[in-house]
Each structure stands twice: as C-alpha cells, then as structure tokens.
file coords.pdb (PDB, C-alpha atoms)
MODEL        1
ATOM      1  CA  MET A   8     -10.200  35.956  16.143  1.00  0.00           C
ATOM      2  CA  PRO A   9     -11.282  39.546  15.480  1.00  0.00           C
ATOM      3  CA  ARG A  10     -11.184  41.697  18.583  1.00  0.00           C
ATOM      4  CA  GLN A  11     -14.290  43.643  19.553  1.00  0.00           C
ATOM      5  CA  ALA A  12     -13.967  46.864  21.469  1.00  0.00           C
ATOM      6  CA  PRO A  13     -15.236  46.388  25.044  1.00  0.00           C
ATOM      7  CA  LEU A  14     -18.465  48.079  25.941  1.00  0.00           C
ATOM      8  CA  ARG A  15     -16.814  49.741  28.906  1.00  0.00           C
ATOM      9  CA  GLN A  16     -13.205  49.761  30.057  1.00  0.00           C
ATOM     10  CA  GLY A  17     -13.858  50.544  33.684  1.00  0.00           C
ATOM     11  CA  SER A  18     -11.308  49.479  36.268  1.00  0.00           C
ATOM     12  CA  PRO A  19      -8.384  47.382  34.902  1.00  0.00           C
ATOM     13  CA  GLU A  20      -8.213  45.503  38.210  1.00  0.00           C
ATOM     14  CA  LYS A  21     -11.920  44.705  38.138  1.00  0.00           C
ATOM     15  CA  ARG A  22     -11.727  43.649  34.497  1.00  0.00           C
ATOM     16  CA  ALA A  23      -8.782  41.352  35.248  1.00  0.00           C
ATOM     17  CA  ALA A  24     -10.685  39.836  38.155  1.00  0.00           C
ATOM     18  CA  ILE A  25     -13.661  39.094  35.895  1.00  0.00           C
ATOM     19  CA  VAL A  26     -11.455  37.486  33.233  1.00  0.00           C
ATOM     20  CA  ALA A  27      -9.661  35.319  35.812  1.00  0.00           C
ATOM     21  CA  ALA A  28     -12.918  34.270  37.439  1.00  0.00           C
ATOM     22  CA  ALA A  29     -14.591  33.537  34.107  1.00  0.00           C
ATOM     23  CA  LEU A  30     -11.656  31.357  33.030  1.00  0.00           C
ATOM     24  CA  ARG A  31     -11.927  29.310  36.224  1.00  0.00           C
ATOM     25  CA  ILE A  32     -15.678  28.869  35.876  1.00  0.00           C
ATOM     26  CA  PHE A  33     -15.618  28.086  32.147  1.00  0.00           C
ATOM     27  CA  VAL A  34     -12.886  25.490  32.675  1.00  0.00           C
ATOM     28  CA  SER A  35     -14.581  23.799  35.626  1.00  0.00           C
ATOM     29  CA  GLU A  36     -18.160  23.897  34.296  1.00  0.00           C
ATOM     30  CA  GLY A  37     -17.861  24.223  30.527  1.00  0.00           C
ATOM     31  CA  TYR A  38     -19.445  27.048  28.578  1.00  0.00           C
ATOM     32  CA  ALA A  39     -23.042  25.797  28.688  1.00  0.00           C
ATOM     33  CA  ARG A  40     -23.182  25.159  32.444  1.00  0.00           C
ATOM     34  CA  ALA A  41     -21.166  28.212  33.494  1.00  0.00           C
ATOM     35  CA  SER A  42     -23.417  30.883  34.947  1.00  0.00           C
ATOM     36  CA  MET A  43     -22.882  34.597  35.040  1.00  0.00           C
ATOM     37  CA  ASP A  44     -23.980  34.518  38.683  1.00  0.00           C
ATOM     38  CA  ALA A  45     -21.120  32.119  39.520  1.00  0.00           C
ATOM     39  CA  ILE A  46     -18.614  34.239  37.613  1.00  0.00           C
ATOM     40  CA  ALA A  47     -19.810  37.407  39.358  1.00  0.00           C
ATOM     41  CA  ALA A  48     -19.543  35.747  42.769  1.00  0.00           C
ATOM     42  CA  ASP A  49     -16.037  34.454  42.033  1.00  0.00           C
ATOM     43  CA  ALA A  50     -14.887  37.863  40.746  1.00  0.00           C
ATOM     44  CA  LYS A  51     -16.611  39.647  43.646  1.00  0.00           C
ATOM     45  CA  VAL A  52     -18.468  41.993  41.322  1.00  0.00           C
ATOM     46  CA  SER A  53     -22.097  42.417  40.390  1.00  0.00           C
ATOM     47  CA  LYS A  54     -23.543  40.605  37.411  1.00  0.00           C
ATOM     48  CA  ARG A  55     -24.497  44.006  36.013  1.00  0.00           C
ATOM     49  CA  THR A  56     -20.813  44.956  35.988  1.00  0.00           C
ATOM     50  CA  ILE A  57     -19.958  41.927  33.869  1.00  0.00           C
ATOM     51  CA  TYR A  58     -22.623  42.851  31.335  1.00  0.00           C
ATOM     52  CA  ASP A  59     -21.408  46.453  31.295  1.00  0.00           C
ATOM     53  CA  TYR A  60     -17.857  45.319  30.553  1.00  0.00           C
ATOM     54  CA  PHE A  61     -18.514  42.423  28.170  1.00  0.00           C
ATOM     55  CA  GLY A  62     -22.078  42.591  26.876  1.00  0.00           C
ATOM     56  CA  ASP A  63     -23.097  38.945  27.059  1.00  0.00           C
ATOM     57  CA  LYS A  64     -21.832  35.495  27.991  1.00  0.00           C
ATOM     58  CA  GLU A  65     -20.562  34.544  24.519  1.00  0.00           C
ATOM     59  CA  ARG A  66     -18.588  37.735  24.141  1.00  0.00           C
ATOM     60  CA  LEU A  67     -17.184  37.284  27.642  1.00  0.00           C
ATOM     61  CA  PHE A  68     -16.069  33.753  26.756  1.00  0.00           C
ATOM     62  CA  LEU A  69     -14.249  34.829  23.584  1.00  0.00           C
ATOM     63  CA  GLU A  70     -12.690  37.843  25.313  1.00  0.00           C
ATOM     64  CA  VAL A  71     -11.438  35.602  28.117  1.00  0.00           C
ATOM     65  CA  ILE A  72      -9.627  33.390  25.618  1.00  0.00           C
ATOM     66  CA  GLU A  73      -8.170  36.331  23.704  1.00  0.00           C
ATOM     67  CA  GLU A  74      -7.033  38.284  26.742  1.00  0.00           C
ATOM     68  CA  THR A  75      -5.544  35.214  28.429  1.00  0.00           C
ATOM     69  CA  GLU A  76      -3.550  34.367  25.305  1.00  0.00           C
ATOM     70  CA  ALA A  77      -2.403  37.967  24.886  1.00  0.00           C
ATOM     71  CA  ALA A  78      -1.114  38.009  28.455  1.00  0.00           C
ATOM     72  CA  GLN A  79       1.086  35.007  27.668  1.00  0.00           C
ATOM     73  CA  GLU A  80       2.684  36.485  24.530  1.00  0.00           C
ATOM     74  CA  GLU A  81       5.242  38.582  26.408  1.00  0.00           C
ATOM     75  CA  GLY A  82       6.594  35.527  28.177  1.00  0.00           C
ATOM     76  CA  PHE A  83       6.685  33.600  24.914  1.00  0.00           C
ATOM     77  CA  HIS A  84       8.760  36.305  23.209  1.00  0.00           C
ATOM     78  CA  ALA A  85      11.168  36.326  26.142  1.00  0.00           C
ATOM     79  CA  LEU A  86      11.550  32.561  25.765  1.00  0.00           C
ATOM     80  CA  LEU A  87      12.318  32.922  22.052  1.00  0.00           C
ATOM     81  CA  GLU A  88      14.993  35.512  22.822  1.00  0.00           C
ATOM     82  CA  ARG A  89      16.594  33.318  25.497  1.00  0.00           C
ATOM     83  CA  THR A  90      16.707  30.211  23.334  1.00  0.00           C
ATOM     84  CA  LEU A  91      16.103  30.364  19.591  1.00  0.00           C
ATOM     85  CA  ASP A  92      17.627  33.820  19.151  1.00  0.00           C
ATOM     86  CA  SER A  93      20.823  32.600  20.806  1.00  0.00           C
ATOM     87  CA  VAL A  94      22.035  30.946  17.575  1.00  0.00           C
ATOM     88  CA  THR A  95      24.478  33.527  16.286  1.00  0.00           C
ATOM     89  CA  ALA A  96      25.252  34.518  12.728  1.00  0.00           C
ATOM     90  CA  THR A  97      28.955  33.786  13.320  1.00  0.00           C
ATOM     91  CA  SER A  98      28.349  30.135  14.162  1.00  0.00           C
ATOM     92  CA  THR A  99      26.400  29.156  11.064  1.00  0.00           C
ATOM     93  CA  VAL A 100      28.547  26.241   9.911  1.00  0.00           C
ATOM     94  CA  ALA A 101      26.336  23.248   9.312  1.00  0.00           C
ATOM     95  CA  THR A 102      29.124  20.664   8.985  1.00  0.00           C
ATOM     96  CA  ALA A 103      32.666  20.579  10.257  1.00  0.00           C
ATOM     97  CA  PRO A 104      35.143  20.928   7.357  1.00  0.00           C
ATOM     98  CA  GLY A 105      36.674  17.619   6.312  1.00  0.00           C
ATOM     99  CA  THR A 106      34.659  15.537   8.789  1.00  0.00           C
ATOM    100  CA  GLY A 107      31.123  15.440   7.484  1.00  0.00           C
ATOM    101  CA  GLY A 108      30.021  15.763  11.086  1.00  0.00           C
ATOM    102  CA  PRO A 109      28.038  18.612  12.632  1.00  0.00           C
ATOM    103  CA  GLY A 110      29.754  21.982  12.721  1.00  0.00           C
ATOM    104  CA  PRO A 111      29.384  24.622  15.434  1.00  0.00           C
ATOM    105  CA  GLY A 112      26.246  26.084  13.896  1.00  0.00           C
ATOM    106  CA  ALA A 113      24.427  22.741  13.744  1.00  0.00           C
ATOM    107  CA  ALA A 114      25.441  21.848  17.281  1.00  0.00           C
ATOM    108  CA  GLU A 115      24.387  25.261  18.580  1.00  0.00           C
ATOM    109  CA  LEU A 116      21.056  24.995  16.788  1.00  0.00           C
ATOM    110  CA  GLU A 117      20.299  21.601  18.329  1.00  0.00           C
ATOM    111  CA  VAL A 118      21.047  22.914  21.804  1.00  0.00           C
ATOM    112  CA  ALA A 119      18.842  25.962  21.223  1.00  0.00           C
ATOM    113  CA  LEU A 120      15.900  23.962  19.871  1.00  0.00           C
ATOM    114  CA  ILE A 121      16.057  21.530  22.779  1.00  0.00           C
ATOM    115  CA  ALA A 122      16.254  24.382  25.293  1.00  0.00           C
ATOM    116  CA  PHE A 123      13.241  26.056  23.725  1.00  0.00           C
ATOM    117  CA  GLY A 124      11.225  22.845  23.491  1.00  0.00           C
ATOM    118  CA  ARG A 125      11.962  21.811  27.059  1.00  0.00           C
ATOM    119  CA  GLU A 126      11.087  25.183  28.556  1.00  0.00           C
ATOM    120  CA  PHE A 127       7.992  25.746  26.436  1.00  0.00           C
ATOM    121  CA  ALA A 128       6.633  22.230  26.949  1.00  0.00           C
ATOM    122  CA  THR A 129       7.236  22.497  30.670  1.00  0.00           C
ATOM    123  CA  ALA A 130       5.579  25.913  30.824  1.00  0.00           C
ATOM    124  CA  VAL A 131       2.441  24.571  29.152  1.00  0.00           C
ATOM    125  CA  LEU A 132       2.472  21.436  31.274  1.00  0.00           C
ATOM    126  CA  ARG A 133       3.088  23.089  34.637  1.00  0.00           C
ATOM    127  CA  SER A 134       1.080  26.283  34.140  1.00  0.00           C
ATOM    128  CA  PRO A 135      -2.512  25.812  35.293  1.00  0.00           C
ATOM    129  CA  VAL A 136      -3.627  28.768  33.167  1.00  0.00           C
ATOM    130  CA  ARG A 137      -1.985  27.524  29.941  1.00  0.00           C
ATOM    131  CA  ALA A 138      -3.217  23.973  30.406  1.00  0.00           C
ATOM    132  CA  ALA A 139      -6.704  25.144  31.311  1.00  0.00           C
ATOM    133  CA  LEU A 140      -6.867  27.372  28.249  1.00  0.00           C
ATOM    134  CA  VAL A 141      -5.870  24.554  25.904  1.00  0.00           C
ATOM    135  CA  ARG A 142      -8.475  22.217  27.405  1.00  0.00           C
ATOM    136  CA  LEU A 143     -11.142  24.911  27.262  1.00  0.00           C
ATOM    137  CA  ILE A 144     -10.544  25.718  23.589  1.00  0.00           C
ATOM    138  CA  SER A 145     -10.469  22.019  22.676  1.00  0.00           C
ATOM    139  CA  ALA A 146     -13.719  21.350  24.499  1.00  0.00           C
ATOM    140  CA  GLU A 147     -15.677  24.312  23.147  1.00  0.00           C
ATOM    141  CA  ALA A 148     -14.320  24.836  19.621  1.00  0.00           C
ATOM    142  CA  GLY A 149     -17.150  22.828  18.084  1.00  0.00           C
ATOM    143  CA  HIS A 150     -19.700  25.343  19.377  1.00  0.00           C
ATOM    144  CA  PHE A 151     -17.951  28.557  18.299  1.00  0.00           C
ATOM    145  CA  PRO A 152     -17.159  29.367  14.646  1.00  0.00           C
ATOM    146  CA  ALA A 153     -14.502  31.862  15.783  1.00  0.00           C
ATOM    147  CA  LEU A 154     -12.637  29.071  17.564  1.00  0.00           C
ATOM    148  CA  ARG A 155     -13.095  26.574  14.723  1.00  0.00           C
ATOM    149  CA  ARG A 156     -11.521  29.009  12.277  1.00  0.00           C
ATOM    150  CA  ARG A 157      -8.385  29.072  14.418  1.00  0.00           C
ATOM    151  CA  ALA A 158      -7.754  25.397  13.613  1.00  0.00           C
ATOM    152  CA  GLY A 159      -6.945  26.250  10.006  1.00  0.00           C
ATOM    153  CA  SER A 160      -5.005  29.442  10.664  1.00  0.00           C
ATOM    154  CA  VAL A 161      -1.386  30.110  11.537  1.00  0.00           C
ATOM    155  CA  GLY A 162      -1.178  31.013  15.188  1.00  0.00           C
ATOM    156  CA  HIS A 163       1.073  33.608  16.769  1.00  0.00           C
ATOM    157  CA  ALA A 164       3.496  31.045  18.205  1.00  0.00           C
ATOM    158  CA  GLN A 165       3.753  29.092  14.965  1.00  0.00           C
ATOM    159  CA  GLN A 166       4.483  32.247  12.977  1.00  0.00           C
ATOM    160  CA  ALA A 167       7.129  33.402  15.452  1.00  0.00           C
ATOM    161  CA  ILE A 168       8.893  30.030  15.300  1.00  0.00           C
ATOM    162  CA  ALA A 169       8.618  30.006  11.484  1.00  0.00           C
ATOM    163  CA  GLU A 170      10.478  33.320  11.321  1.00  0.00           C
ATOM    164  CA  ARG A 171      13.379  31.847  13.299  1.00  0.00           C
ATOM    165  CA  LEU A 172      13.465  28.684  11.205  1.00  0.00           C
ATOM    166  CA  GLU A 173      13.537  30.765   8.041  1.00  0.00           C
ATOM    167  CA  ARG A 174      16.585  32.633   9.336  1.00  0.00           C
ATOM    168  CA  TYR A 175      18.324  29.354  10.097  1.00  0.00           C
ATOM    169  CA  ALA A 176      17.561  28.146   6.571  1.00  0.00           C
ATOM    170  CA  GLU A 177      18.971  31.343   5.057  1.00  0.00           C
ATOM    171  CA  ALA A 178      22.143  30.759   7.089  1.00  0.00           C
ATOM    172  CA  GLY A 179      22.470  27.234   5.690  1.00  0.00           C
ATOM    173  CA  LEU A 180      21.680  25.399   8.908  1.00  0.00           C
ATOM    174  CA  LEU A 181      18.409  23.934   7.642  1.00  0.00           C
ATOM    175  CA  ASP A 182      16.854  23.097   4.290  1.00  0.00           C
ATOM    176  CA  ILE A 183      13.306  24.460   4.519  1.00  0.00           C
ATOM    177  CA  ALA A 184      10.999  25.328   1.650  1.00  0.00           C
ATOM    178  CA  ASP A 185       8.000  26.280   3.816  1.00  0.00           C
ATOM    179  CA  PRO A 186       8.960  27.709   7.236  1.00  0.00           C
ATOM    180  CA  VAL A 187       5.343  27.839   8.439  1.00  0.00           C
ATOM    181  CA  GLU A 188       4.869  24.140   7.695  1.00  0.00           C
ATOM    182  CA  ALA A 189       8.222  23.352   9.311  1.00  0.00           C
ATOM    183  CA  ALA A 190       7.179  25.267  12.446  1.00  0.00           C
ATOM    184  CA  GLU A 191       4.024  23.176  12.649  1.00  0.00           C
ATOM    185  CA  TYR A 192       6.006  19.945  12.417  1.00  0.00           C
ATOM    186  CA  PHE A 193       8.425  21.244  15.036  1.00  0.00           C
ATOM    187  CA  GLY A 194       5.579  21.877  17.453  1.00  0.00           C
ATOM    188  CA  LEU A 195       4.088  18.437  16.846  1.00  0.00           C
ATOM    189  CA  LEU A 196       7.418  16.674  17.288  1.00  0.00           C
ATOM    190  CA  VAL A 197       8.519  18.576  20.364  1.00  0.00           C
ATOM    191  CA  THR A 198       5.863  20.180  22.546  1.00  0.00           C
ATOM    192  CA  GLY A 199       3.041  18.148  21.018  1.00  0.00           C
ATOM    193  CA  ARG A 200       4.536  14.892  22.295  1.00  0.00           C
ATOM    194  CA  VAL A 201       4.624  16.220  25.849  1.00  0.00           C
ATOM    195  CA  ASN A 202       1.080  17.571  25.590  1.00  0.00           C
ATOM    196  CA  ASN A 203      -0.190  14.205  24.388  1.00  0.00           C
ATOM    197  CA  ARG A 204       1.525  12.272  27.180  1.00  0.00           C
ATOM    198  CA  SER A 205       0.212  14.652  29.817  1.00  0.00           C
ATOM    199  CA  LEU A 206      -3.263  15.078  28.299  1.00  0.00           C
ATOM    200  CA  PHE A 207      -2.534  18.812  28.254  1.00  0.00           C
ATOM    201  CA  GLY A 208      -1.511  19.063  31.867  1.00  0.00           C
ATOM    202  CA  THR A 209      -3.990  16.568  33.286  1.00  0.00           C
ATOM    203  CA  VAL A 210      -1.463  13.752  33.910  1.00  0.00           C
ATOM    204  CA  GLU A 211       1.844  14.425  35.677  1.00  0.00           C
ATOM    205  CA  VAL A 212       4.966  13.948  33.535  1.00  0.00           C
ATOM    206  CA  ASP A 213       8.388  14.049  35.181  1.00  0.00           C
ATOM    207  CA  ASP A 214      11.329  16.140  33.992  1.00  0.00           C
ATOM    208  CA  ALA A 215      13.313  13.147  32.722  1.00  0.00           C
ATOM    209  CA  LEU A 216      10.509  12.106  30.363  1.00  0.00           C
ATOM    210  CA  ILE A 217      10.035  15.696  29.171  1.00  0.00           C
ATOM    211  CA  ASP A 218      13.753  15.885  28.342  1.00  0.00           C
ATOM    212  CA  GLU A 219      13.595  12.563  26.484  1.00  0.00           C
ATOM    213  CA  LEU A 220      10.518  13.507  24.440  1.00  0.00           C
ATOM    214  CA  VAL A 221      11.809  16.967  23.536  1.00  0.00           C
ATOM    215  CA  ALA A 222      15.314  15.820  22.597  1.00  0.00           C
ATOM    216  CA  GLY A 223      13.956  12.969  20.486  1.00  0.00           C
ATOM    217  CA  GLY A 224      11.598  15.293  18.663  1.00  0.00           C
ATOM    218  CA  VAL A 225      14.351  17.822  17.975  1.00  0.00           C
ATOM    219  CA  ARG A 226      16.698  15.151  16.596  1.00  0.00           C
ATOM    220  CA  PHE A 227      13.964  13.870  14.292  1.00  0.00           C
ATOM    221  CA  PHE A 228      13.198  17.417  13.136  1.00  0.00           C
ATOM    222  CA  LEU A 229      16.849  18.160  12.396  1.00  0.00           C
ATOM    223  CA  ARG A 230      17.252  14.961  10.385  1.00  0.00           C
ATOM    224  CA  ALA A 231      14.156  15.827   8.348  1.00  0.00           C
ATOM    225  CA  TYR A 232      15.356  19.351   7.553  1.00  0.00           C
ATOM    226  CA  ALA A 233      19.109  18.775   7.411  1.00  0.00           C
ATOM    227  CA  PRO A 234      20.874  20.694   4.617  1.00  0.00           C
ATOM    228  CA  GLY A 235      22.498  18.744   1.825  1.00  0.00           C
ATOM    229  CA  PRO A 236      21.405  16.272  -0.862  1.00  0.00           C
ATOM    230  CA  ARG A 237      18.275  14.260  -0.266  1.00  0.00           C
ATOM    231  CA  PRO A 238      18.461  10.456  -0.468  1.00  0.00           C
TER     232      PRO A 238
ENDMDL
END
call {"tool": "encode", "arguments": {"input": "coords.pdb", "output": "structure tokens"}}
result
Amino acid sequence: MPRQAPLRQGSPEKRAAIVAAALRIFVSEGYARASMDAIAADAKVSKRTIYDYFGDKERLFLEVIEETEAAQEEGFHALLERTLDSVTATSTVATAPGTGGPGPGAAELEVALIAFGREFATAVLRSPVRAALVRLISAEAGHFPALRRRAGSVGHAQQAIAERLERYAEAGLLDIADPVEAAEYFGLLVTGRVNNRSLFGTVEVDDALIDELVAGGVRFFLRAYAPGPRP
C-alpha cells in the first residue's frame, strides 16, 4: 500500500509504543470496536499524541499494518540467506550421471526448501505478532480498499522467493516459466498448509506435524517443477 508521511515523527519510542498498543487493540476488538481511548491507555500516551502522530483512526490502522510488516522484513531476509541462498552454484547438478536419480544440486535444493519452509512456517505459527497480523488483515480487508488491493498484488515475500526460484531454474535445477507463479504455489504447498491446520496460529500444531506438512509440500513442488521432459 502507498506509504503516507506521518504528520509528526516525535519520539521513536513513543511511536513504537503506539503501534504495538494499536496492534493489540485492533486484533482483540476489531477495527470498528477499537477505540482511540483504549489504544492511548495501552500505549500510556494521550489521545492527542496519537492524532498528532497518525492523524486519524484509519490512517493509524494502515500504518500499524505497514510498520509491523516492515519490521519483520529484516528477519525474513536473514532466513532467506540462511536457507535458500545456501544452494551453491557449484552443486547445480539436477541428476546424478548414469543413474537418473537426484544429483547433489537437487538434493541440496530439497534440503534448503524444507529448511526454509519449516522455519518460516514455524515463525508465523509461533509468533504472536505475525499470527495476529495475518488474522487482522484477513478480518478487515473487506472494509479497506488498500488491503483488498494487496490480494491481487505480488507481496514482498513472494517476490523474494521468486527471485531465488528463478536462479535455481537458470542453474537447471528447476523448470519454471513463471517464477512469481511458482513462488505462490510454493507458499501454498508449504507454509500455507501449516497456516490452514493452525488457523493462522489459533490452534496448536506440534513440530512433527509441521515437519510432515512442509516436507510433503516441498516434495510435491519439486515434482511439479522438476527439469526434464514432461509426460
């Protein structure tokens, strides 16, 4: 969504306190029932301060979503570097010569995709902030055009994964015509399965089931995008 310049920067600590408090109140009460008085009390600031920083309730709501997501991007990039970026250019052999079986590149890719899927799905599932944000956006998207437009756009995470998948395809590890579409399928098959089972963090899911869902999704994804002739 387009970012609006804040009315007043003020204290970074006070601004962070308002955003954290607003997220808690919006999640627990929903947008319509959430009051600026409750947010001010939770953040331990005056209601006037909230208006000075954010203008009005709608702008506060959208800024809360944007700033919360932005704060998570650094951790997401670190996860990509630890997992998906670990597939090296020197191991890009899709099949072992003379065997028809998986070569070192294919095996390394499967391990990397499973590691990413497990850690990312667990982070969403076990992080109260991530889970709360997903539930909040899902609940309120129908009332905000800016949130509805996101449903048809390529998100930051999807684009970042697409860039990695495109590199794997260029190295011969995958056969992908549309990396952005492939990244969407990857998310649905891997983290999406865990999100659905847990109702986005509402229902507890144990580690063994997370591993099973992620590994199964990765294997399905790799079969769908395996290099070589199509049947």
call {"tool": "closest_residue", "arguments": {"input": "coords.pdb", "among": "A:Gln166, A:Thr198, A:Gln16, A:Thr209", "to": "Arg125 in chain A", "atoms": "only C-alpha atoms"}}
result
A:Thr198
call {"tool": "closest_residue", "arguments": {"input": "coords.pdb", "among": "A:Ala23, A:Ala158, A:Thr129, A:Asn202", "to": "Thr75 in chain A", "atoms": "only C-alpha atoms"}}
result
A:Ala23
call {"tool": "resolve_selection", "arguments": {"input": "coords.pdb", "expression": "the PyMOL selection byres ((chain A and resi 117) around 12)", "output": "PyMOL selection string"}}
result
chain A and resi 90-91+93-94+101+109-116+118-124+175+180-181+221-230+233
call {"tool": "closest_residue", "arguments": {"input": "coords.pdb", "among": "A:Pro135, A:Glu73, A:Glu188, A:Lys21", "to": "Arg157 in chain A", "atoms": "only C-alpha atoms"}}
result
A:Glu73
call {"tool": "atom_distance", "arguments": {"input": "coords.pdb", "atom1": "CA of Ser53 in chain A", "atom2": "CA of Phe151 in chain A"}}
result
26.4 Å
call {"tool": "atom_distance", "arguments": {"input": "coords.pdb", "atom1": "CA of Val161 in chain A", "atom2": "CA of Pro234 in chain A"}}
result
25.1 Å
call {"tool": "closest_residue", "arguments": {"input": "coords.pdb", "among": "A:Glu191, A:Glu74, A:Glu81, A:Asp63", "to": "Leu172 in chain A", "atoms": "only C-alpha atoms"}}
result
A:Glu191
call {"tool": "resolve_selection", "arguments": {"input": "coords.pdb", "expression": "the PyMOL selection byres ((chain A and resi 46) around 10)", "output": "JSON, numbers by chain"}}
result
{"A": [24, 25, 26, 27, 28, 29, 30, 31, 32, 33, 41, 42, 43, 44, 45, 47, 48, 49, 50, 51, 52, 53, 54, 57]}
call {"tool": "write_last_selection", "arguments": {"input": "coords.pdb", "atoms": "C-alpha atoms", "output": "PDB file, in the frame of the given file"}}
result
ATOM      1  CA  ALA A  24     -10.685  39.836  38.155  1.00  0.00           C
ATOM      2  CA  ILE A  25     -13.661  39.094  35.895  1.00  0.00           C
ATOM      3  CA  VAL A  26     -11.455  37.486  33.233  1.00  0.00           C
ATOM      4  CA  ALA A  27      -9.661  35.319  35.812  1.00  0.00           C
ATOM      5  CA  ALA A  28     -12.918  34.270  37.439  1.00  0.00           C
ATOM      6  CA  ALA A  29     -14.591  33.537  34.107  1.00  0.00           C
ATOM      7  CA  LEU A  30     -11.656  31.357  33.030  1.00  0.00           C
ATOM      8  CA  ARG A  31     -11.927  29.310  36.224  1.00  0.00           C
ATOM      9  CA  ILE A  32     -15.678  28.869  35.876  1.00  0.00           C
ATOM     10  CA  PHE A  33     -15.618  28.086  32.147  1.00  0.00           C
ATOM     11  CA  ALA A  41     -21.166  28.212  33.494  1.00  0.00           C
ATOM     12  CA  SER A  42     -23.417  30.883  34.947  1.00  0.00           C
ATOM     13  CA  MET A  43     -22.882  34.597  35.040  1.00  0.00           C
ATOM     14  CA  ASP A  44     -23.980  34.518  38.683  1.00  0.00           C
ATOM     15  CA  ALA A  45     -21.120  32.119  39.520  1.00  0.00           C
ATOM     16  CA  ALA A  47     -19.810  37.407  39.358  1.00  0.00           C
ATOM     17  CA  ALA A  48     -19.543  35.747  42.769  1.00  0.00           C
ATOM     18  CA  ASP A  49     -16.037  34.454  42.033  1.00  0.00           C
ATOM     19  CA  ALA A  50     -14.887  37.863  40.746  1.00  0.00           C
ATOM     20  CA  LYS A  51     -16.611  39.647  43.646  1.00  0.00           C
ATOM     21  CA  VAL A  52     -18.468  41.993  41.322  1.00  0.00           C
ATOM     22  CA  SER A  53     -22.097  42.417  40.390  1.00  0.00           C
ATOM     23  CA  LYS A  54     -23.543  40.605  37.411  1.00  0.00           C
ATOM     24  CA  ILE A  57     -19.958  41.927  33.869  1.00  0.00           C
TER      25      ILE A  57
END
call {"tool": "decode", "arguments": {"input": "coords.pdb", "residues": "range 170-189 of chain A", "atoms": "N, CA and C atoms", "output": "short mmCIF file (atom, residue, chain, number, x, y, z; two decimals), in the first residue's frame"}}
result
data_model
loop_
_atom_site.label_atom_id
_atom_site.label_comp_id
_atom_site.auth_asym_id
_atom_site.auth_seq_id
_atom_site.Cartn_x
_atom_site.Cartn_y
_atom_site.Cartn_z
N GLU A 170 12.63 -14.70 -6.89
CA GLU A 170 13.99 -14.41 -7.36
C GLU A 170 14.92 -15.60 -7.13
N ARG A 171 14.77 -16.27 -5.99
CA ARG A 171 15.59 -17.47 -5.74
C ARG A 171 15.20 -18.60 -6.68
N LEU A 172 13.91 -18.82 -6.87
CA LEU A 172 13.47 -19.89 -7.75
C LEU A 172 13.95 -19.66 -9.18
N GLU A 173 13.96 -18.42 -9.60
CA GLU A 173 14.44 -18.10 -10.95
C GLU A 173 15.92 -18.47 -11.09
N ARG A 174 16.70 -18.20 -10.05
CA ARG A 174 18.12 -18.57 -10.10
C ARG A 174 18.29 -20.08 -10.17
N TYR A 175 17.48 -20.80 -9.43
CA TYR A 175 17.55 -22.26 -9.49
C TYR A 175 17.19 -22.77 -10.88
N ALA A 176 16.20 -22.13 -11.50
CA ALA A 176 15.81 -22.54 -12.86
C ALA A 176 16.94 -22.26 -13.85
N GLU A 177 17.58 -21.12 -13.72
CA GLU A 177 18.69 -20.79 -14.61
C GLU A 177 19.85 -21.77 -14.44
N ALA A 178 19.99 -22.33 -13.25
CA ALA A 178 21.05 -23.30 -12.99
C ALA A 178 20.65 -24.71 -13.41
N GLY A 179 19.42 -24.90 -13.87
CA GLY A 179 18.99 -26.21 -14.34
C GLY A 179 18.39 -27.10 -13.28
N LEU A 180 18.18 -26.56 -12.08
CA LEU A 180 17.62 -27.36 -11.00
C LEU A 180 16.10 -27.46 -11.07
N LEU A 181 15.46 -26.48 -11.68
CA LEU A 181 14.01 -26.45 -11.80
C LEU A 181 13.65 -26.04 -13.22
N ASP A 182 12.42 -26.38 -13.61
CA ASP A 182 11.90 -25.96 -14.91
C ASP A 182 10.72 -25.04 -14.63
N ILE A 183 10.98 -23.73 -14.65
CA ILE A 183 9.99 -22.73 -14.26
C ILE A 183 9.85 -21.68 -15.34
N ALA A 184 8.64 -21.51 -15.84
CA ALA A 184 8.38 -20.47 -16.83
C ALA A 184 8.02 -19.15 -16.15
N ASP A 185 7.33 -19.21 -15.02
CA ASP A 185 6.87 -18.02 -14.32
C ASP A 185 7.28 -18.13 -12.85
N PRO A 186 8.42 -17.55 -12.47
CA PRO A 186 8.89 -17.68 -11.08
C PRO A 186 7.93 -17.10 -10.05
N VAL A 187 7.23 -16.03 -10.39
CA VAL A 187 6.29 -15.44 -9.43
C VAL A 187 5.14 -16.40 -9.15
N GLU A 188 4.62 -17.04 -10.20
CA GLU A 188 3.56 -18.03 -10.02
C GLU A 188 4.08 -19.22 -9.22
N ALA A 189 5.30 -19.66 -9.54
CA ALA A 189 5.89 -20.79 -8.83
C ALA A 189 6.06 -20.47 -7.34
#
